[in-house]
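For reference, run.tsv is printed below; it contains TSV, C-alpha atoms.
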```tsv
chain	number	residue	atom	x	y	z
A	1	MET	CA	40.33	-13.14	-36.78
A	2	TYR	CA	38.39	-11.15	-34.23
A	3	GLN	CA	34.75	-11.63	-33.28
A	4	LEU	CA	32.55	-8.55	-33.19
A	5	ILE	CA	30.47	-8.23	-30.02
A	6	ASP	CA	27.04	-7.21	-31.32
A	7	GLY	CA	25.40	-5.15	-28.57
A	8	LYS	CA	22.47	-4.27	-30.77
A	9	ALA	CA	21.48	-7.88	-31.47
A	10	THR	CA	22.07	-8.89	-27.83
A	11	ALA	CA	19.93	-6.00	-26.56
A	12	THR	CA	17.12	-6.88	-28.98
A	13	GLN	CA	17.18	-10.47	-27.73
A	14	ILE	CA	17.11	-9.41	-24.05
A	15	LYS	CA	14.25	-6.96	-24.65
A	16	ALA	CA	12.27	-9.79	-26.26
A	17	GLU	CA	12.95	-11.97	-23.17
A	18	ILE	CA	11.78	-9.13	-20.90
A	19	ALA	CA	8.63	-8.58	-23.01
A	20	GLU	CA	7.80	-12.28	-22.69
A	21	GLU	CA	8.15	-12.11	-18.90
A	22	VAL	CA	6.04	-8.94	-18.69
A	23	LYS	CA	3.32	-10.66	-20.74
A	24	GLN	CA	3.28	-13.53	-18.22
A	25	ILE	CA	3.22	-11.13	-15.23
A	26	VAL	CA	0.27	-9.18	-16.65
A	27	ALA	CA	-1.56	-12.38	-17.70
A	28	ALA	CA	-1.25	-13.62	-14.11
A	29	GLY	CA	-2.88	-10.40	-12.87
A	30	GLY	CA	0.36	-8.64	-11.96
A	31	LYS	CA	1.23	-5.00	-12.55
A	32	GLN	CA	2.76	-3.70	-15.79
A	33	PRO	CA	6.20	-2.20	-14.94
A	34	HIS	CA	6.25	1.59	-15.23
A	35	LEU	CA	9.38	3.68	-15.95
A	36	ALA	CA	9.36	7.48	-15.79
A	37	ALA	CA	12.07	9.75	-17.23
A	38	VAL	CA	12.68	13.40	-16.40
A	39	LEU	CA	14.36	15.47	-19.11
A	40	VAL	CA	15.57	19.00	-18.42
A	41	GLY	CA	16.41	21.28	-21.34
A	42	HIS	CA	17.25	20.34	-24.94
A	43	ASP	CA	20.70	18.71	-24.95
A	44	GLY	CA	20.95	16.79	-28.24
A	45	GLY	CA	22.57	13.69	-26.72
A	46	SER	CA	20.07	13.54	-23.86
A	47	GLU	CA	17.12	13.96	-26.26
A	48	THR	CA	18.31	10.95	-28.26
A	49	TYR	CA	18.91	8.83	-25.16
A	50	VAL	CA	15.49	9.57	-23.71
A	51	LYS	CA	13.74	8.89	-27.04
A	52	ASN	CA	15.53	5.52	-27.21
A	53	LYS	CA	14.53	4.73	-23.63
A	54	VAL	CA	10.86	5.38	-24.43
A	55	LEU	CA	11.10	3.11	-27.51
A	56	ALA	CA	12.79	0.40	-25.42
A	57	CYS	CA	9.91	0.59	-22.90
A	58	GLU	CA	7.47	-0.07	-25.74
A	59	ALA	CA	9.54	-3.06	-26.91
A	60	CYS	CA	9.54	-4.49	-23.36
A	61	GLY	CA	5.83	-3.95	-22.78
A	62	PHE	CA	6.41	-1.35	-20.05
A	63	LYS	CA	4.37	1.72	-19.36
A	64	SER	CA	6.51	4.86	-19.75
A	65	THR	CA	6.10	8.50	-18.81
A	66	LEU	CA	8.26	11.36	-20.03
A	67	ILE	CA	8.34	14.55	-17.95
A	68	ARG	CA	9.95	17.55	-19.66
A	69	TYR	CA	11.18	20.84	-18.23
A	70	GLU	CA	12.92	23.84	-19.76
A	71	ASP	CA	16.50	24.39	-18.55
A	72	ASN	CA	15.48	27.40	-16.45
A	73	ILE	CA	13.70	25.11	-13.96
A	74	THR	CA	14.78	25.79	-10.36
A	75	GLU	CA	16.42	23.16	-8.17
A	76	GLU	CA	13.39	23.38	-5.85
A	77	GLU	CA	10.97	22.57	-8.68
A	78	LEU	CA	13.05	19.60	-9.79
A	79	LEU	CA	13.29	18.28	-6.21
A	80	ASP	CA	9.52	18.66	-5.99
A	81	CYS	CA	9.12	16.55	-9.15
A	82	VAL	CA	11.44	13.86	-7.70
A	83	ASP	CA	9.38	13.84	-4.51
A	84	LYS	CA	6.15	13.31	-6.48
A	85	LEU	CA	7.69	10.39	-8.40
A	86	ASN	CA	8.99	8.87	-5.15
A	87	LYS	CA	5.43	8.90	-3.80
A	88	ASP	CA	3.66	7.80	-6.99
A	89	GLU	CA	2.76	4.16	-6.37
A	90	ASP	CA	2.27	3.41	-10.05
A	91	VAL	CA	5.85	4.39	-10.94
A	92	ASP	CA	8.23	1.46	-10.28
A	93	GLY	CA	11.42	3.22	-11.32
A	94	PHE	CA	12.50	6.57	-12.69
A	95	ILE	CA	15.54	8.40	-13.97
A	96	VAL	CA	16.55	12.05	-14.10
A	97	GLN	CA	18.56	12.36	-17.32
A	98	LEU	CA	22.06	13.77	-16.75
A	99	PRO	CA	23.78	16.18	-17.32
A	100	LEU	CA	21.61	18.82	-15.64
A	101	PRO	CA	21.96	22.60	-16.10
A	102	LYS	CA	24.85	24.17	-14.16
A	103	HIS	CA	22.62	25.86	-11.54
A	104	ILE	CA	21.30	22.49	-10.32
A	105	ASP	CA	23.31	20.33	-7.93
A	106	GLU	CA	23.28	16.89	-9.61
A	107	GLN	CA	24.34	15.02	-6.49
A	108	LYS	CA	21.52	16.60	-4.50
A	109	ILE	CA	18.99	15.43	-7.09
A	110	ILE	CA	20.45	11.89	-7.18
A	111	GLU	CA	20.31	11.62	-3.39
A	112	ALA	CA	16.69	12.81	-3.35
A	113	ILE	CA	15.60	9.84	-5.49
A	114	ASP	CA	14.15	6.93	-3.51
A	115	TYR	CA	16.89	4.29	-3.84
A	116	ARG	CA	14.20	1.62	-4.34
A	117	LYS	CA	13.19	3.39	-7.56
A	118	ASP	CA	16.71	4.41	-8.61
A	119	VAL	CA	16.93	2.26	-11.76
A	120	ASP	CA	19.98	4.24	-12.94
A	121	GLY	CA	21.86	2.84	-9.92
A	122	PHE	CA	23.42	6.21	-9.00
A	123	HIS	CA	22.08	6.62	-5.44
A	124	PRO	CA	24.79	6.17	-2.77
A	125	ILE	CA	22.81	3.29	-1.25
A	126	ASN	CA	22.83	1.36	-4.54
A	127	VAL	CA	26.47	2.28	-5.19
A	128	GLY	CA	27.43	1.10	-1.70
A	129	ARG	CA	25.46	-2.14	-1.93
A	130	MET	CA	27.03	-2.86	-5.32
A	131	ALA	CA	30.51	-2.29	-3.88
A	132	ILE	CA	30.04	-5.01	-1.25
A	133	GLY	CA	28.17	-7.39	-3.54
A	134	LEU	CA	24.62	-7.02	-2.19
A	135	PRO	CA	21.57	-7.17	-4.49
A	136	CYS	CA	20.82	-3.72	-5.91
A	137	PHE	CA	20.31	-1.69	-9.07
A	138	ILE	CA	23.67	-1.67	-10.87
A	139	SER	CA	24.29	1.36	-13.06
A	140	ALA	CA	23.29	0.63	-16.62
A	141	THR	CA	26.54	0.82	-18.60
A	142	PRO	CA	28.61	-1.46	-16.30
A	143	LEU	CA	25.69	-3.90	-16.08
A	144	GLY	CA	25.45	-3.89	-19.89
A	145	ILE	CA	29.15	-4.68	-20.21
A	146	ILE	CA	28.98	-7.54	-17.68
A	147	THR	CA	25.97	-8.91	-19.59
A	148	LEU	CA	27.85	-8.81	-22.92
A	149	LEU	CA	30.87	-10.60	-21.45
A	150	LYS	CA	28.57	-13.32	-20.07
A	151	ARG	CA	26.48	-13.72	-23.23
A	152	TYR	CA	29.61	-14.09	-25.37
A	153	ASP	CA	31.12	-16.61	-22.91
A	154	ILE	CA	34.22	-14.46	-22.49
A	155	GLU	CA	36.41	-15.86	-19.73
A	156	THR	CA	37.08	-13.17	-17.10
A	157	SER	CA	38.01	-15.16	-13.99
A	158	GLY	CA	41.65	-14.61	-13.06
A	159	LYS	CA	42.26	-12.45	-16.13
A	160	LYS	CA	44.03	-9.10	-16.06
A	161	CYS	CA	41.51	-6.35	-16.76
A	162	VAL	CA	42.49	-2.72	-17.35
A	163	ILE	CA	39.81	-0.07	-17.04
A	164	LEU	CA	40.55	3.29	-18.64
A	165	GLY	CA	38.66	6.04	-16.84
A	166	ARG	CA	37.45	6.51	-13.26
A	167	SER	CA	34.04	8.16	-13.59
A	168	ASN	CA	31.28	7.40	-11.08
A	169	ILE	CA	29.04	6.25	-13.93
A	170	VAL	CA	31.38	3.77	-15.66
A	171	GLY	CA	34.99	3.48	-14.47
A	172	LYS	CA	34.53	3.01	-10.73
A	173	PRO	CA	31.50	0.67	-10.80
A	174	MET	CA	33.08	-1.32	-13.64
A	175	ALA	CA	36.21	-1.87	-11.53
A	176	GLN	CA	34.08	-3.00	-8.57
A	177	LEU	CA	32.15	-5.50	-10.67
A	178	MET	CA	35.15	-6.93	-12.51
A	179	MET	CA	36.83	-7.49	-9.15
A	180	GLN	CA	33.92	-9.31	-7.53
A	181	LYS	CA	33.78	-13.07	-7.53
A	182	GLN	CA	30.16	-13.26	-8.72
A	183	TYR	CA	30.75	-11.01	-11.75
A	184	GLY	CA	34.23	-10.61	-13.21
A	185	ASP	CA	36.50	-12.37	-10.69
A	186	ALA	CA	39.40	-10.62	-12.47
A	187	THR	CA	42.59	-8.81	-11.46
A	188	VAL	CA	41.71	-5.16	-12.01
A	189	THR	CA	43.83	-2.09	-12.72
A	190	VAL	CA	42.23	1.33	-13.13
A	191	CYS	CA	44.12	3.84	-15.29
A	192	HIS	CA	43.23	7.45	-16.06
A	193	SER	CA	44.69	10.52	-17.75
A	194	ARG	CA	47.32	10.93	-15.01
A	195	SER	CA	48.54	7.32	-15.02
A	196	LYS	CA	52.27	7.23	-15.78
A	197	THR	CA	52.42	3.61	-16.97
A	198	LEU	CA	49.11	3.55	-18.86
A	199	LYS	CA	50.46	2.06	-22.10
A	200	GLU	CA	52.46	-0.64	-20.29
A	201	GLU	CA	49.41	-1.62	-18.21
A	202	CYS	CA	47.26	-1.89	-21.36
A	203	ARG	CA	49.84	-4.03	-23.14
A	204	GLU	CA	49.60	-6.64	-20.38
A	205	ALA	CA	45.80	-6.68	-20.24
A	206	ASP	CA	43.63	-9.61	-21.30
A	207	ILE	CA	40.61	-7.29	-21.23
A	208	ILE	CA	40.59	-3.52	-21.81
A	209	ILE	CA	37.47	-1.52	-20.97
A	210	ALA	CA	37.95	1.94	-22.47
A	211	ALA	CA	35.82	4.67	-20.88
A	212	ILE	CA	38.17	7.63	-20.98
A	213	GLY	CA	36.12	9.85	-23.31
A	214	GLN	CA	38.90	10.56	-25.83
A	215	PRO	CA	38.31	9.46	-29.44
A	216	ASP	CA	40.83	6.93	-30.83
A	217	PHE	CA	42.77	6.93	-27.54
A	218	VAL	CA	43.54	3.18	-27.60
A	219	THR	CA	45.94	2.39	-30.46
A	220	ALA	CA	47.47	-0.84	-31.75
A	221	ASP	CA	50.70	-0.39	-29.79
A	222	MET	CA	48.68	-0.59	-26.53
A	223	VAL	CA	46.99	-3.92	-27.22
A	224	LYS	CA	48.40	-7.41	-26.84
A	225	PRO	CA	47.34	-10.03	-29.39
A	226	GLY	CA	44.17	-11.87	-28.39
A	227	ALA	CA	42.91	-9.19	-26.00
A	228	VAL	CA	39.22	-8.46	-25.48
A	229	ILE	CA	38.34	-4.80	-26.10
A	230	ILE	CA	35.19	-3.13	-24.77
A	231	ASP	CA	34.79	0.41	-26.10
A	232	VAL	CA	32.51	2.63	-24.00
A	233	GLY	CA	33.44	5.87	-25.77
A	234	THR	CA	30.78	7.84	-27.62
A	235	THR	CA	32.19	11.19	-28.70
A	236	ARG	CA	30.42	13.18	-31.40
A	237	VAL	CA	32.98	13.89	-34.13
A	238	PRO	CA	32.12	16.24	-37.04
A	239	ASP	CA	31.49	14.27	-40.24
A	240	ALA	CA	30.29	16.13	-43.33
A	241	SER	CA	29.30	12.90	-45.08
A	242	ARG	CA	26.57	12.20	-42.48
A	243	LYS	CA	23.10	13.71	-42.57
A	244	SER	CA	23.41	14.68	-38.89
A	245	GLY	CA	26.79	16.34	-39.55
A	246	PHE	CA	28.54	14.11	-37.01
A	247	ARG	CA	29.36	10.49	-36.25
A	248	LEU	CA	29.85	8.65	-32.97
A	249	ASN	CA	33.48	7.80	-32.34
A	250	GLY	CA	34.75	5.34	-29.76
A	251	ASP	CA	37.79	5.55	-27.47
A	252	VAL	CA	39.46	2.80	-29.52
A	253	LYS	CA	41.05	3.25	-32.96
A	254	PHE	CA	38.95	0.40	-34.30
A	255	ASP	CA	40.55	-0.26	-37.71
A	256	GLU	CA	44.06	-0.73	-36.34
A	257	VAL	CA	43.13	-2.39	-33.02
A	258	ALA	CA	40.49	-4.88	-34.21
A	259	PRO	CA	42.86	-7.20	-36.14
A	260	LEU	CA	44.79	-7.82	-32.89
A	261	CYS	CA	41.73	-8.74	-30.79
A	262	SER	CA	39.84	-11.90	-30.01
A	263	PHE	CA	36.66	-9.89	-29.30
A	264	ILE	CA	35.84	-6.19	-29.77
A	265	THR	CA	32.74	-3.99	-29.49
A	266	PRO	CA	31.92	-1.57	-32.31
A	267	VAL	CA	30.84	2.06	-31.83
A	268	PRO	CA	27.96	2.55	-32.38
A	269	GLY	CA	26.15	-0.76	-31.82
A	270	GLY	CA	28.24	-2.18	-29.00
A	271	VAL	CA	27.90	-0.96	-25.42
A	272	GLY	CA	25.31	1.77	-26.20
A	273	PRO	CA	22.26	-0.44	-26.87
A	274	MET	CA	23.18	-2.56	-23.81
A	275	THR	CA	23.05	0.49	-21.55
A	276	ILE	CA	19.40	1.11	-22.37
A	277	CYS	CA	18.67	-2.61	-22.21
A	278	SER	CA	20.16	-2.73	-18.67
A	279	LEU	CA	17.88	0.11	-17.62
A	280	MET	CA	14.99	-2.10	-18.79
A	281	LYS	CA	16.36	-5.03	-16.73
A	282	ASN	CA	16.51	-2.75	-13.67
A	283	THR	CA	12.96	-1.52	-14.29
A	284	LEU	CA	11.68	-5.09	-14.48
A	285	ALA	CA	13.49	-5.87	-11.21
A	286	ALA	CA	11.92	-2.74	-9.65
A	287	GLY	CA	8.47	-3.81	-10.81
A	288	LYS	CA	8.99	-7.26	-9.30
A	289	ARG	CA	10.41	-5.74	-6.08
A	290	GLU	CA	13.36	-8.06	-6.61
A	291	TYR	CA	15.92	-6.18	-4.49
A	292	TYR	CA	13.86	-4.03	-2.13
A	293	LYS	CA	10.51	-4.98	-0.67
```

So that I can check it, write out the structure of this file as structure tokens.
Amino acid sequence: MYQLIDGKATATQIKAEIAEEVKQIVAAGGKQPHLAAVLVGHDGGSETYVKNKVLACEACGFKSTLIRYEDNITEEELLDCVDKLNKDEDVDGFIVQLPLPKHIDEQKIIEAIDYRKDVDGFHPINVGRMAIGLPCFISATPLGIITLLKRYDIETSGKKCVILGRSNIVGKPMAQLMMQKQYGDATVTVCHSRSKTLKEECREADIIIAAIGQPDFVTADMVKPGAVIIDVGTTRVPDASRKSGFRLNGDVKFDEVAPLCSFITPVPGGVGPMTICSLMKNTLAAGKREYYK
């Protein structure tokens, strides 16, 4: 019988721990951590994410600021906004919600963010420090997954871990972390849509982290009995029975894969809540100047 990894409950618990620490910081005369978020345009997914981030800030006792722009904002104007946030001494950390409109160079915006305030962990300095195991802001989804594995006492050292997907936001950083002694200490294989032996690799894996962005991609014939499955996928699939008209679907065909597993994350309620919770952990670290003085 498999155990469900409850990201929602874990995130709630961690946010309560953060709130307690913030209360102590403020009581001792310290500064309340402050997270700002920049939202461009009206992408449905981004709207939901940002709303959840603001709610999480409230739960953690943080100050939060939401800055909104229409999607016709120029790159110059957005860079100007980033510059202001870099210089604002009250703001400890901030994020620019991705994706951005086509006419804006995302990489340019990411690189303009002061890496000491880059709580999304996307700046090349944070990415580079993470790769060699130095203290830094680790991007939220990989950090959330590492946290879940730790909190559920899932053995990763020496295990074979297959990561499906090679994005800069999940696949690559996840591989780096699972490889490193202080985090996963595992043997890591990264597969993607072009991998010829993808199914064979998965069948040998003790841990599969699916971040390939294709609903129901991982099927029962790809999973060995007793494997740990972490499903990062969140694709909106039309569903007439839902009020919203859609449901969130993971990369794993849950009903047929779950009976084979020792542990598995659901979608929704698995990795998603942990992503936002990790952003809160990074904001607290930014407020405490934990990594960068």

- [ ] Can you pull out every residue within 9 Å of Pro101 (chain A), counting all atoms listed in the file, but drop anything in the same chain fewer than 6 positions away, and send it as a list of chain:residue names?
- [x]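 Answer for this query is A:Val40, A:Gly41, A:Asp71, A:Asn72, A:Ile73.
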
- [ ] Name all residues at most 6 Å from Cys202 (chain A) (count all atoms listed in the file; drop same-chain ones fewer than 3 positions away) and give them as a ChimeraX atom specification.
- [x] /A:199,205,222

Restricting it to C-alpha atoms, dump the selection as a PDB file, in the coordinates of the input.
```
ATOM      1  CA  LYS A 199      50.460   2.060 -22.100  1.00  0.00           C
ATOM      2  CA  ALA A 205      45.800  -6.680 -20.240  1.00  0.00           C
ATOM      3  CA  MET A 222      48.680  -0.590 -26.530  1.00  0.00           C
TER       4      MET A 222
END
```

- [ ] For CA of Ala59 (chain A) and CA of Lys23 (chain A), determine how far apart the two atoms are, in Å to one decimal place.
- [x]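 These atoms are spaced 11.6 Å apart.
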
Task: Selected residue, from A:Thr234, A:Gln182, A:Thr48, A:Thr147, that lies nearest to Leu134 (chain A) when counting all atoms listed in the file - done: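 Among the listed residues, the smallest separation from Leu134 (chain A) belongs to A:Gln182.
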
Open item on the list: For a quick check of understanding, using only C-alpha atoms, which of A:Lys196, A:Asn282, A:Val232, A:Phe62 has the smallest distance to Val26 (chain A)?
Closed with: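 Smallest separation from Val26 (chain A) among the options: A:Phe62.
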
Starting from the sparse input, extend region 126-137 of chain A to all heavy atoms and give the output as a tab-separated table (two decimals), in the coordinates of the input.
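selection15.tsv, freshly written:
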```tsv
chain	number	residue	atom	x	y	z
A	126	ASN	N	22.60	2.38	-3.50
A	126	ASN	CA	22.83	1.36	-4.54
A	126	ASN	C	24.31	1.20	-4.86
A	126	ASN	O	24.80	0.09	-5.03
A	126	ASN	CB	22.03	1.69	-5.80
A	126	ASN	CG	20.56	1.31	-5.66
A	126	ASN	OD1	20.24	0.22	-5.22
A	126	ASN	ND2	19.68	2.22	-6.02
A	127	VAL	N	25.02	2.33	-4.91
A	127	VAL	CA	26.47	2.28	-5.19
A	127	VAL	C	27.19	1.50	-4.09
A	127	VAL	O	28.04	0.64	-4.36
A	127	VAL	CB	27.05	3.71	-5.32
A	127	VAL	CG1	28.56	3.66	-5.48
A	127	VAL	CG2	26.43	4.44	-6.51
A	128	GLY	N	26.81	1.77	-2.85
A	128	GLY	CA	27.43	1.10	-1.70
A	128	GLY	C	27.12	-0.38	-1.67
A	128	GLY	O	28.00	-1.22	-1.44
A	129	ARG	N	25.85	-0.73	-1.92
A	129	ARG	CA	25.46	-2.14	-1.93
A	129	ARG	C	26.19	-2.89	-3.05
A	129	ARG	O	26.63	-4.02	-2.87
A	129	ARG	CB	23.94	-2.28	-2.09
A	129	ARG	CG	23.16	-1.87	-0.85
A	129	ARG	CD	21.66	-1.97	-1.07
A	129	ARG	NE	21.22	-3.34	-1.23
A	129	ARG	CZ	20.72	-4.10	-0.26
A	129	ARG	NH1	20.61	-3.62	0.96
A	129	ARG	NH2	20.32	-5.33	-0.50
A	130	MET	N	26.31	-2.23	-4.20
A	130	MET	CA	27.03	-2.86	-5.32
A	130	MET	C	28.49	-3.13	-4.93
A	130	MET	O	29.03	-4.19	-5.22
A	130	MET	CB	26.98	-1.96	-6.55
A	130	MET	CG	27.63	-2.59	-7.75
A	130	MET	SD	28.34	-1.37	-8.85
A	130	MET	CE	29.61	-0.67	-7.83
A	131	ALA	N	29.10	-2.17	-4.23
A	131	ALA	CA	30.51	-2.29	-3.88
A	131	ALA	C	30.79	-3.48	-2.98
A	131	ALA	O	31.86	-4.08	-3.04
A	131	ALA	CB	31.00	-1.00	-3.21
A	132	ILE	N	29.80	-3.86	-2.14
A	132	ILE	CA	30.04	-5.01	-1.25
A	132	ILE	C	29.28	-6.26	-1.72
A	132	ILE	O	29.18	-7.24	-0.99
A	132	ILE	CB	29.72	-4.67	0.23
A	132	ILE	CG1	28.29	-4.17	0.42
A	132	ILE	CG2	30.72	-3.65	0.76
A	132	ILE	CD1	27.90	-3.98	1.87
A	133	GLY	N	28.75	-6.18	-2.94
A	133	GLY	CA	28.17	-7.39	-3.54
A	133	GLY	C	26.77	-7.75	-3.08
A	133	GLY	O	26.36	-8.90	-3.17
A	134	LEU	N	26.01	-6.75	-2.57
A	134	LEU	CA	24.62	-7.02	-2.19
A	134	LEU	C	23.70	-6.76	-3.38
A	134	LEU	O	24.03	-5.96	-4.26
A	134	LEU	CB	24.21	-6.10	-1.02
A	134	LEU	CG	24.87	-6.36	0.33
A	134	LEU	CD1	24.44	-5.31	1.35
A	134	LEU	CD2	24.52	-7.75	0.85
A	135	PRO	N	22.50	-7.40	-3.38
A	135	PRO	CA	21.57	-7.17	-4.49
A	135	PRO	C	21.17	-5.69	-4.55
A	135	PRO	O	20.90	-5.07	-3.51
A	135	PRO	CB	20.35	-8.02	-4.11
A	135	PRO	CG	20.81	-8.98	-3.09
A	135	PRO	CD	21.96	-8.35	-2.38
A	136	CYS	N	21.15	-5.14	-5.75
A	136	CYS	CA	20.82	-3.72	-5.91
A	136	CYS	C	20.69	-3.40	-7.39
A	136	CYS	O	20.95	-4.24	-8.24
A	136	CYS	CB	21.93	-2.85	-5.33
A	136	CYS	SG	23.49	-3.04	-6.22
A	137	PHE	N	20.30	-2.16	-7.67
A	137	PHE	CA	20.31	-1.69	-9.07
A	137	PHE	C	21.75	-1.31	-9.41
A	137	PHE	O	22.33	-0.44	-8.77
A	137	PHE	CB	19.40	-0.48	-9.23
A	137	PHE	CG	17.97	-0.76	-8.92
A	137	PHE	CD1	17.31	-0.08	-7.90
A	137	PHE	CD2	17.25	-1.70	-9.64
A	137	PHE	CE1	15.99	-0.35	-7.59
A	137	PHE	CE2	15.92	-1.99	-9.34
A	137	PHE	CZ	15.29	-1.30	-8.31
```
